[in-house]
$ cat target-v6.pdb   # PDB, C-alpha atoms and all ligand atoms
ATOM      1  CA  MET A1102     -12.409 -10.073   6.867
ATOM      2  CA  ARG A1103     -13.001  -6.911   8.919
ATOM      3  CA  VAL A1104     -11.130  -3.931   7.447
ATOM      4  CA  ALA A1105     -10.741  -0.573   9.193
ATOM      5  CA  ILE A1106      -9.670   2.266   6.872
ATOM      6  CA  THR A1107      -8.274   5.367   8.534
ATOM      7  CA  GLY A1108      -8.224   8.357   6.219
ATOM      8  CA  GLY A1109     -11.439   6.776   4.946
ATOM      9  CA  ALA A1110     -13.004  10.023   3.716
ATOM     10  CA  GLY A1111      -9.952  10.846   1.586
ATOM     11  CA  GLY A1112      -9.252   9.981  -2.028
ATOM     12  CA  VAL A1113      -7.603   6.563  -1.548
ATOM     13  CA  GLY A1114      -9.656   5.584   1.527
ATOM     14  CA  SER A1115     -13.048   6.259  -0.059
ATOM     15  CA  ALA A1116     -12.048   4.661  -3.405
ATOM     16  CA  LEU A1117     -10.878   1.608  -1.428
ATOM     17  CA  ALA A1118     -14.177   1.450   0.474
ATOM     18  CA  TYR A1119     -16.088   1.559  -2.839
ATOM     19  CA  THR A1120     -13.862  -1.183  -4.290
ATOM     20  CA  LEU A1121     -14.303  -3.421  -1.226
ATOM     21  CA  VAL A1122     -18.096  -3.083  -0.967
ATOM     22  CA  THR A1123     -18.514  -3.888  -4.670
ATOM     23  CA  ARG A1124     -16.263  -6.995  -4.562
ATOM     24  CA  PRO A1125     -17.882 -10.430  -4.091
ATOM     25  CA  GLU A1126     -15.979 -11.253  -0.856
ATOM     26  CA  PRO A1127     -17.790 -10.304   2.377
ATOM     27  CA  PHE A1128     -15.585  -7.476   3.688
ATOM     28  CA  ASP A1129     -16.855  -5.669   6.779
ATOM     29  CA  VAL A1130     -15.561  -2.118   6.353
ATOM     30  CA  VAL A1131     -15.222   0.606   9.018
ATOM     31  CA  LEU A1132     -14.462   4.048   7.589
ATOM     32  CA  ILE A1133     -12.578   6.367   9.937
ATOM     33  CA  ASP A1134     -11.496   9.969   9.437
ATOM     34  CA  ARG A1135     -11.150  13.152  11.405
ATOM     35  CA  GLY A1136     -14.791  14.260  10.976
ATOM     36  CA  LEU A1137     -17.705  11.824  11.433
ATOM     37  CA  GLU A1138     -19.918  13.783   8.979
ATOM     38  CA  ARG A1139     -17.735  13.072   5.925
ATOM     39  CA  VAL A1140     -17.385   9.347   6.654
ATOM     40  CA  THR A1141     -21.112   9.090   7.417
ATOM     41  CA  SER A1142     -21.847  10.690   4.045
ATOM     42  CA  HIS A1143     -19.606   8.107   2.307
ATOM     43  CA  VAL A1144     -21.252   5.258   4.252
ATOM     44  CA  MET A1145     -24.819   6.385   3.375
ATOM     45  CA  ASP A1146     -23.733   6.468  -0.274
ATOM     46  CA  LEU A1147     -21.894   3.118  -0.205
ATOM     47  CA  GLU A1148     -24.352   0.986   1.754
ATOM     48  CA  LEU A1149     -26.783   1.095  -1.172
ATOM     49  CA  LEU A1150     -24.169  -0.748  -3.270
ATOM     50  CA  LEU A1151     -23.215  -3.544  -0.855
ATOM     51  CA  GLU A1152     -22.582  -6.865  -2.588
ATOM     52  CA  ALA A1153     -21.780  -8.720   0.650
ATOM     53  CA  GLY A1154     -20.452  -7.791   4.102
ATOM     54  CA  GLY A1155     -21.103  -4.354   5.579
ATOM     55  CA  VAL A1156     -19.910  -0.762   5.847
ATOM     56  CA  ARG A1157     -20.151   1.667   8.758
ATOM     57  CA  ALA A1158     -18.693   4.931  10.004
ATOM     58  CA  GLY A1159     -16.197   5.023  12.852
ATOM     59  CA  SER A1160     -14.117   7.571  14.717
ATOM     60  CA  CYS A1161     -10.361   7.642  15.444
ATOM     61  CA  PRO A1162     -10.403   5.189  18.427
ATOM     62  CA  ASP A1163     -12.036   2.570  16.141
ATOM     63  CA  VAL A1164      -8.719   1.849  14.348
ATOM     64  CA  THR A1165      -8.623  -1.446  16.285
ATOM     65  CA  ASP A1166     -12.065  -2.563  15.014
ATOM     66  CA  GLY A1167     -10.682  -4.531  12.035
ATOM     67  CA  ASP A1168      -8.631  -7.667  11.512
ATOM     68  CA  VAL A1169      -6.599  -5.428   9.199
ATOM     69  CA  LEU A1170      -6.094  -1.667   9.529
ATOM     70  CA  VAL A1171      -5.392   0.217   6.279
ATOM     71  CA  ILE A1172      -3.712   3.573   6.940
ATOM     72  CA  CYS A1173      -4.480   6.188   4.269
ATOM     73  CA  ALA A1174      -4.622   9.085   6.741
ATOM     74  CA  SER A1175      -2.542  11.969   5.482
ATOM     75  CA  ALA A1176      -2.040  15.689   6.041
ATOM     76  CA  SER A1177      -2.299  16.134   2.245
ATOM     77  CA  PRO A1178      -2.565  13.743  -0.731
ATOM     78  CA  THR A1179       0.844  14.801  -2.105
ATOM     79  CA  ARG A1180       2.918  16.397   0.713
ATOM     80  CA  ALA A1181       4.538  13.533   2.627
ATOM     81  CA  ALA A1182       6.659  15.496   5.103
ATOM     82  CA  ASP A1183       3.907  15.973   7.711
ATOM     83  CA  ASN A1184       2.719  12.386   8.055
ATOM     84  CA  ALA A1185       5.026  10.859  10.683
ATOM     85  CA  PRO A1186       3.028  12.413  13.598
ATOM     86  CA  ILE A1187      -0.174  10.927  12.126
ATOM     87  CA  ILE A1188       1.401   7.447  12.118
ATOM     88  CA  ASP A1189       2.580   7.979  15.712
ATOM     89  CA  GLU A1190      -0.914   9.111  16.766
ATOM     90  CA  ILE A1191      -2.442   5.957  15.206
ATOM     91  CA  ALA A1192       0.274   3.727  16.735
ATOM     92  CA  GLY A1193      -0.652   5.150  20.142
ATOM     93  CA  ARG A1194      -4.161   3.726  19.726
ATOM     94  CA  LEU A1195      -3.032   0.182  18.814
ATOM     95  CA  SER A1196      -1.871  -1.180  22.170
ATOM     96  CA  GLY A1197      -3.580  -4.470  23.050
ATOM     97  CA  TRP A1198      -4.651  -5.048  19.422
ATOM     98  CA  ASP A1199      -2.873  -7.771  17.436
ATOM     99  CA  GLY A1200      -4.173  -7.271  13.878
ATOM    100  CA  ALA A1201      -2.189  -6.509  10.717
ATOM    101  CA  VAL A1202      -1.582  -3.045   9.243
ATOM    102  CA  LEU A1203      -1.293  -2.069   5.583
ATOM    103  CA  VAL A1204       0.383   1.350   5.371
ATOM    104  CA  VAL A1205      -0.473   3.396   2.256
ATOM    105  CA  THR A1206       0.393   6.887   3.512
ATOM    106  CA  ASN A1207       3.595   8.370   2.069
ATOM    107  CA  PRO A1208       6.520   8.213   2.442
ATOM    108  CA  VAL A1209       5.281   4.630   2.637
ATOM    109  CA  ASP A1210       8.616   2.824   3.174
ATOM    110  CA  ALA A1211       9.813   5.158   5.943
ATOM    111  CA  LEU A1212       6.415   5.073   7.687
ATOM    112  CA  THR A1213       6.207   1.276   7.427
ATOM    113  CA  ALA A1214       9.614   1.024   9.113
ATOM    114  CA  ARG A1215       8.569   3.547  11.763
ATOM    115  CA  LEU A1216       5.361   1.697  12.639
ATOM    116  CA  ALA A1217       7.001  -1.763  12.572
ATOM    117  CA  ARG A1218       9.673  -0.535  15.013
ATOM    118  CA  THR A1219       6.998   1.004  17.274
ATOM    119  CA  LEU A1220       4.854  -2.147  17.305
ATOM    120  CA  GLY A1221       7.958  -4.317  17.705
ATOM    121  CA  ASP A1222       6.660  -6.846  15.161
ATOM    122  CA  ARG A1223       7.639  -6.372  11.520
ATOM    123  CA  ARG A1224       5.362  -9.216  10.387
ATOM    124  CA  ARG A1225       2.245  -7.208  11.227
ATOM    125  CA  VAL A1226       3.172  -4.148   9.134
ATOM    126  CA  LEU A1227       3.119  -4.183   5.318
ATOM    127  CA  GLY A1228       3.676  -1.100   3.148
ATOM    128  CA  TYR A1229       1.680  -0.773  -0.073
ATOM    129  CA  THR A1230       4.108  -0.447  -3.023
ATOM    130  CA  LEU A1231       2.251  -2.441  -5.686
ATOM    131  CA  ASN A1232       1.484   0.608  -7.891
ATOM    132  CA  ASP A1233       5.052   0.611  -9.264
ATOM    133  CA  THR A1234       4.532  -3.004 -10.389
ATOM    134  CA  LEU A1235       1.137  -2.182 -11.931
ATOM    135  CA  ARG A1236       2.824   0.594 -13.966
ATOM    136  CA  LEU A1237       5.552  -1.794 -15.230
ATOM    137  CA  ARG A1238       2.874  -4.355 -16.147
ATOM    138  CA  ALA A1239       1.138  -1.664 -18.214
ATOM    139  CA  ALA A1240       4.463  -1.068 -20.005
ATOM    140  CA  LEU A1241       5.000  -4.814 -20.682
ATOM    141  CA  PRO A1242       1.546  -6.119 -21.643
ATOM    142  CA  GLY A1243       1.357  -9.905 -21.716
ATOM    143  CA  GLY A1244       4.590 -10.300 -19.699
ATOM    144  CA  LYS A1245       4.627 -12.907 -16.890
ATOM    145  CA  ASP A1246       6.409 -12.454 -13.561
ATOM    146  CA  VAL A1247       6.649  -8.662 -13.912
ATOM    147  CA  TRP A1248       7.610  -7.024 -10.611
ATOM    148  CA  VAL A1249       9.044  -3.781  -9.270
ATOM    149  CA  LEU A1250      10.913  -3.922  -5.955
ATOM    150  CA  GLY A1251      12.636  -1.253  -3.858
ATOM    151  CA  GLU A1252      11.499   2.063  -2.473
ATOM    152  CA  HIS A1253       8.110   3.275  -3.738
ATOM    153  CA  GLY A1254       8.335   6.069  -6.326
ATOM    154  CA  ASP A1255      11.245   7.455  -8.251
ATOM    155  CA  ALA A1256      13.870   5.005  -6.902
ATOM    156  CA  ALA A1257      11.780   1.863  -7.541
ATOM    157  CA  VAL A1258      13.653  -1.034  -9.208
ATOM    158  CA  PRO A1259      12.075  -2.842 -12.211
ATOM    159  CA  ILE A1260      13.069  -6.535 -12.155
ATOM    160  CA  PHE A1261      13.515  -7.581 -15.798
ATOM    161  CA  SER A1262      15.566 -10.737 -15.123
ATOM    162  CA  ARG A1263      12.449 -12.779 -14.183
ATOM    163  CA  VAL A1264      10.099 -11.577 -16.937
ATOM    164  CA  HIS A1265       8.775 -14.123 -19.462
ATOM    165  CA  PRO A1266       9.078 -13.913 -22.403
ATOM    166  CA  PRO A1267      12.502 -12.238 -21.940
ATOM    167  CA  VAL A1268      12.648  -8.473 -22.556
ATOM    168  CA  ASP A1269      15.454  -7.098 -24.756
ATOM    169  CA  GLU A1270      17.448  -3.990 -23.850
ATOM    170  CA  ALA A1271      15.456  -1.625 -26.086
ATOM    171  CA  ARG A1272      12.144  -2.660 -24.476
ATOM    172  CA  ARG A1273      13.722  -2.436 -21.012
ATOM    173  CA  THR A1274      14.769   1.144 -21.729
ATOM    174  CA  ASP A1275      11.267   2.041 -22.941
ATOM    175  CA  ALA A1276       9.596   0.309 -19.973
ATOM    176  CA  ARG A1277      11.940   2.035 -17.495
ATOM    177  CA  ALA A1278      11.195   5.383 -19.151
ATOM    178  CA  PHE A1279       7.426   4.697 -18.970
ATOM    179  CA  VAL A1280       7.509   3.812 -15.250
ATOM    180  CA  ARG A1281       9.780   6.742 -14.256
ATOM    181  CA  GLY A1282       8.022   9.083 -16.671
ATOM    182  CA  TRP A1283       4.577   8.103 -15.357
ATOM    183  CA  TYR A1284       5.573   8.982 -11.792
ATOM    184  CA  ARG A1285       7.258  12.256 -12.772
ATOM    185  CA  ARG A1286       4.394  13.328 -15.046
ATOM    186  CA  HIS A1287       1.880  12.641 -12.280
ATOM    187  CA  VAL A1288       3.887  14.564  -9.663
ATOM    188  CA  ALA A1289       4.431  17.458 -12.121
ATOM    189  CA  LEU A1290       0.668  17.811 -12.634
ATOM    190  CA  ASP A1291       0.483  19.011  -9.013
ATOM    191  CA  ALA A1292      -3.226  18.142  -9.277
ATOM    192  CA  GLY A1293      -3.826  17.895  -5.516
ATOM    193  CA  ARG A1294      -4.812  14.216  -5.747
ATOM    194  CA  SER A1295      -2.992  10.905  -5.615
ATOM    195  CA  SER A1296      -3.414   7.770  -7.751
ATOM    196  CA  THR A1297      -6.606   6.785  -5.972
ATOM    197  CA  TRP A1298      -8.049   4.293  -8.487
ATOM    198  CA  THR A1299      -4.892   2.231  -9.032
ATOM    199  CA  SER A1300      -4.210   2.234  -5.303
ATOM    200  CA  ALA A1301      -7.745   1.248  -4.284
ATOM    201  CA  THR A1302      -7.775  -1.619  -6.789
ATOM    202  CA  GLY A1303      -4.330  -2.858  -5.762
ATOM    203  CA  ILE A1304      -5.027  -2.599  -2.018
ATOM    204  CA  ALA A1305      -8.356  -4.430  -2.392
ATOM    205  CA  ARG A1306      -6.602  -7.231  -4.319
ATOM    206  CA  MET A1307      -3.998  -7.528  -1.568
ATOM    207  CA  LEU A1308      -6.641  -7.593   1.183
ATOM    208  CA  ALA A1309      -8.480 -10.360  -0.691
ATOM    209  CA  ALA A1310      -5.169 -12.259  -0.968
ATOM    210  CA  MET A1311      -4.513 -11.808   2.770
ATOM    211  CA  ALA A1312      -7.946 -13.311   3.477
ATOM    212  CA  ARG A1313      -7.333 -16.224   1.047
ATOM    213  CA  ASP A1314      -3.883 -16.945   2.549
ATOM    214  CA  ASP A1315      -3.041 -19.135  -0.457
ATOM    215  CA  GLY A1316       0.670 -18.424  -0.935
ATOM    216  CA  GLU A1317       0.203 -16.167  -3.983
ATOM    217  CA  GLN A1318       3.171 -13.930  -4.847
ATOM    218  CA  TRP A1319       2.933 -10.203  -3.953
ATOM    219  CA  VAL A1320       5.256  -7.294  -3.337
ATOM    220  CA  ALA A1321       5.161  -5.131  -0.210
ATOM    221  CA  SER A1322       7.434  -2.907   1.806
ATOM    222  CA  VAL A1323       8.677  -4.740   4.904
ATOM    223  CA  LEU A1324      11.190  -3.793   7.613
ATOM    224  CA  LEU A1325      14.173  -5.918   6.586
ATOM    225  CA  ASP A1326      16.405  -7.919   8.879
ATOM    226  CA  GLY A1327      19.292  -8.917   6.615
ATOM    227  CA  GLU A1328      17.241  -9.964   3.559
ATOM    228  CA  TYR A1329      18.858  -8.710   0.343
ATOM    229  CA  GLY A1330      21.743  -7.427   2.485
ATOM    230  CA  LEU A1331      19.535  -4.731   4.053
ATOM    231  CA  ARG A1332      18.783  -4.224   7.729
ATOM    232  CA  ASP A1333      16.499  -1.836   9.658
ATOM    233  CA  VAL A1334      15.042  -0.214   6.515
ATOM    234  CA  ALA A1335      11.734  -0.992   4.848
ATOM    235  CA  THR A1336      11.580  -1.394   1.095
ATOM    236  CA  GLY A1337       9.530  -3.296  -1.479
ATOM    237  CA  VAL A1338      10.403  -7.023  -1.552
ATOM    238  CA  PRO A1339       8.634 -10.176  -2.797
ATOM    239  CA  VAL A1340       6.294 -11.522  -0.127
ATOM    240  CA  THR A1341       3.552 -13.974   0.633
ATOM    241  CA  ILE A1342       0.808 -12.571   2.865
ATOM    242  CA  GLY A1343      -1.954 -13.807   5.135
ATOM    243  CA  PRO A1344      -4.608 -12.460   7.502
ATOM    244  CA  ARG A1345      -1.979 -11.570  10.114
ATOM    245  CA  GLY A1346       0.339  -9.780   7.668
ATOM    246  CA  LEU A1347       3.665 -11.079   6.381
ATOM    247  CA  VAL A1348       3.931 -14.842   5.864
ATOM    248  CA  ALA A1349       7.399 -14.899   4.260
ATOM    249  CA  ILE A1350       9.887 -12.824   2.268
ATOM    250  CA  GLN A1351      11.195 -14.550  -0.868
ATOM    251  CA  GLU A1352      14.890 -13.958  -1.535
ATOM    252  CA  TRP A1353      15.023 -14.040  -5.331
ATOM    253  CA  GLU A1354      18.254 -14.432  -7.225
ATOM    254  CA  LEU A1355      18.457 -11.054  -8.971
ATOM    255  CA  ALA A1356      20.757  -9.818 -11.740
ATOM    256  CA  PRO A1357      23.768  -7.988 -10.198
ATOM    257  CA  ASP A1358      22.574  -4.551 -11.410
ATOM    258  CA  GLU A1359      19.074  -5.210  -9.985
ATOM    259  CA  LEU A1360      20.454  -6.266  -6.594
ATOM    260  CA  ALA A1361      22.754  -3.211  -6.509
ATOM    261  CA  ALA A1362      19.808  -0.918  -7.355
ATOM    262  CA  LEU A1363      17.643  -2.597  -4.684
ATOM    263  CA  GLN A1364      20.376  -2.145  -2.080
ATOM    264  CA  THR A1365      20.791   1.578  -2.859
ATOM    265  CA  SER A1366      17.065   2.288  -3.361
ATOM    266  CA  PRO A1367      16.151   2.990   0.309
ATOM    267  CA  ARG A1368      17.092   6.629   1.031
TER     268      ARG A1368
HETATM  269  N1  LIG A1401       1.707   3.894  -1.283
HETATM  270  C1  LIG A1401       1.142   4.274  -2.435
HETATM  271  O1  LIG A1401       1.321   3.667  -3.495
HETATM  272  C2  LIG A1401       0.212   5.456  -2.429
HETATM  273  C3  LIG A1401      -0.669   5.677  -3.502
HETATM  274  C4  LIG A1401      -1.549   6.755  -3.426
HETATM  275  C5  LIG A1401      -1.530   7.601  -2.317
HETATM  276  N2  LIG A1401      -0.630   7.379  -1.319
HETATM  277  C6  LIG A1401      -0.592   8.208  -0.120
HETATM  278  O2  LIG A1401      -1.759   7.913   0.632
HETATM  279  C7  LIG A1401      -2.094   9.047   1.436
HETATM  280  C8  LIG A1401      -3.559   9.382   1.222
HETATM  281  O3  LIG A1401      -3.751   9.878  -0.089
HETATM  282  P1  LIG A1401      -5.174  10.506  -0.472
HETATM  283  O4  LIG A1401      -5.091  10.858  -1.900
HETATM  284  O5  LIG A1401      -6.270   9.633   0.003
HETATM  285  O6  LIG A1401      -5.149  11.842   0.452
HETATM  286  P2  LIG A1401      -6.421  12.695   0.945
HETATM  287  O7  LIG A1401      -5.889  14.014   1.399
HETATM  288  O8  LIG A1401      -7.467  12.673  -0.112
HETATM  289  O9  LIG A1401      -6.966  11.874   2.209
HETATM  290  C9  LIG A1401      -6.325  11.826   3.443
HETATM  291  C10 LIG A1401      -7.399  11.745   4.509
HETATM  292  O10 LIG A1401      -6.759  11.513   5.775
HETATM  293  C11 LIG A1401      -7.536  12.205   6.753
HETATM  294  N3  LIG A1401      -6.743  12.338   7.987
HETATM  295  C12 LIG A1401      -5.745  13.212   8.261
HETATM  296  N4  LIG A1401      -5.284  12.997   9.503
HETATM  297  C13 LIG A1401      -5.981  11.958  10.015
HETATM  298  C14 LIG A1401      -5.959  11.252  11.250
HETATM  299  N5  LIG A1401      -5.082  11.574  12.209
HETATM  300  N6  LIG A1401      -6.811  10.220  11.428
HETATM  301  C15 LIG A1401      -7.698   9.868  10.468
HETATM  302  N7  LIG A1401      -7.772  10.511   9.274
HETATM  303  C16 LIG A1401      -6.932  11.537   9.062
HETATM  304  C17 LIG A1401      -7.913  13.500   6.079
HETATM  305  O11 LIG A1401      -9.028  14.121   6.728
HETATM  306  C18 LIG A1401      -8.251  13.014   4.658
HETATM  307  O12 LIG A1401      -9.622  12.677   4.517
HETATM  308  C19 LIG A1401      -1.118  10.142   1.004
HETATM  309  O13 LIG A1401      -0.030  10.167   1.911
HETATM  310  C20 LIG A1401      -0.659   9.689  -0.371
HETATM  311  O14 LIG A1401       0.597  10.221  -0.734
HETATM  312  C21 LIG A1401       0.235   6.316  -1.344
END
$ encode --input "target-v6.pdb" --output "structure tokens"
Amino acid sequence: MRVAITGGAGGVGSALAYTLVTRPEPFDVVLIDRGLERVTSHVMDLELLLEAGGVRAGSCPDVTDGDVLVICASASPTRAADNAPIIDEIAGRLSGWDGAVLVVTNPVDALTARLARTLGDRRRVLGYTLNDTLRLRAALPGGKDVWVLGEHGDAAVPIFSRVHPPVDEARRTDARAFVRGWYRRHVALDAGRSSTWTSATGIARMLAAMARDDGEQWVASVLLDGEYGLRDVATGVPVTIGPRGLVAIQEWELAPDELAALQTSPR
């Protein structure tokens, strides 16, 4: 699979490039950012580690060089307000290209919706929201079918009704507090960096799953068209994914409080 990463010299983009070149699958990676020097420096560093595939530096027009474009380009790792023009600038370069896009840049749900509307094809645009699920899995070690749906971040919705073995109310309260507390503690650090390692690992796993196209269960933000009673907003829902993006949205039967939280989660 050919993967173009825009924002490739940043924290998430460069960690993702490292994760992809050290995985066994043959990913061909193009790293794109505003300045060619910084991506070239990353590429010179990374090409010594290649397990399979390749890695090279690109410039902004090369966003169409992959089968999948991962958007990590951002005005700042933590300030999300300025990123809509960046998404619009990238969208302007995508005409005539029919690949899939994985949006990482925040606010990820709003930007996924914006890009899906611009491209006119919601199936090609997935938003990366898996980190919330990875945090809940850390809070419920050994649990099966542990997922977080809804808007990425503070309003995310842990889905306890599917977890095996079942989770009692006391553990639910602790797990909820861990997931919310993790996010708030990380934001409060104001450390000038995002969760680059979790994100890079999760994105690489999803890209490998898109290449495998084997029907495995994932979660991603998708522009909804009536699923879960929501329309024209993007939020995290259960999905299967393939090389061209969304394969299908699964409409799970949720507990009433979970469905209500999912329906009010998009802001
Ligand atoms: N969805 C998630 O779960 C998740 C997780 C972590 C980070 N994020 C978001 O991902 C984004 C990137 O985070 P980061 O820590 O890598 O930030 P960063 O500041 O380290 O990197 C952003 C990079 O984008 C580049 N850039 C800016 N404008 C560009 C453009 N028009 N074209 C190409 N490159 C451009 C910058 O030069 C920089 O290298 C942020 O918006 C962050 O909030 C989302």
$ axis_aligned_box --input "target-v6.pdb" --around "ligand LIG 1401 (chain A)" --padding-each-side "3 Å" --output "lines of an AutoDock Vina configuration file"
center_x = -4.0
center_y = 8.9
center_z = 4.4
size_x = 17.3
size_y = 16.5
size_z = 21.7
$ residues_near_ligand --input "target-v6.pdb" --ligand "ligand LIG 1401 (chain A)" --cutoff "6 Å" --atoms "all atoms listed in the file" --output "ChimeraX atom specification"
/A:1107-1108,1110-1114,1134-1135,1161,1173-1179,1181,1187,1205-1207,1209,1229-1230,1232,1294-1297,1300
$ residues_around --input "target-v6.pdb" --residues "Leu1170 of chain A" --least-positions-apart "3" --cutoff "7 Å" --atoms "only C-alpha atoms" --output "NGL selection string"
:A and (1104-1106 or 1164 or 1167 or 1201-1203)
$ residues_around --input "target-v6.pdb" --residues "Val1169 of chain A" --least-positions-apart "3" --cutoff "12 Å" --atoms "only C-alpha atoms" --output "PyMOL selection string"
chain A and resi 1102-1107+1128-1131+1163-1166+1172+1195+1198-1204+1225-1227+1304-1305+1307-1309+1311-1312+1343-1346
$ atom_distance --input "target-v6.pdb" --atom1 "atom CA of Trp1298 of chain A" --atom2 "atom CA of His1253 of chain A"
16.9 Å
$ resolve_selection --input "target-v6.pdb" --expression "the PyMOL selection byres (((chain A and resi 1326) around 12) and not hetatm)" --output "ChimeraX atom specification"
/A:1214,1217-1218,1222-1224,1323-1325,1327-1336,1350
$ closest_residue --input "target-v6.pdb" --among "A:Asp1168, A:Asp1291, A:Glu1359, A:Asp1246" --to "Trp1319 of chain A" --atoms "all atoms listed in the file"
A:Asp1246
$ resolve_selection --input "target-v6.pdb" --expression "the PyMOL selection byres (((chain A and resi 1256-1262) around 9) and not hetatm)" --output "ChimeraX atom specification"
/A:1233-1234,1237,1246-1255,1263-1265,1267-1268,1273,1276-1277,1280-1281,1337,1355-1356,1359-1360,1362-1363,1365-1368
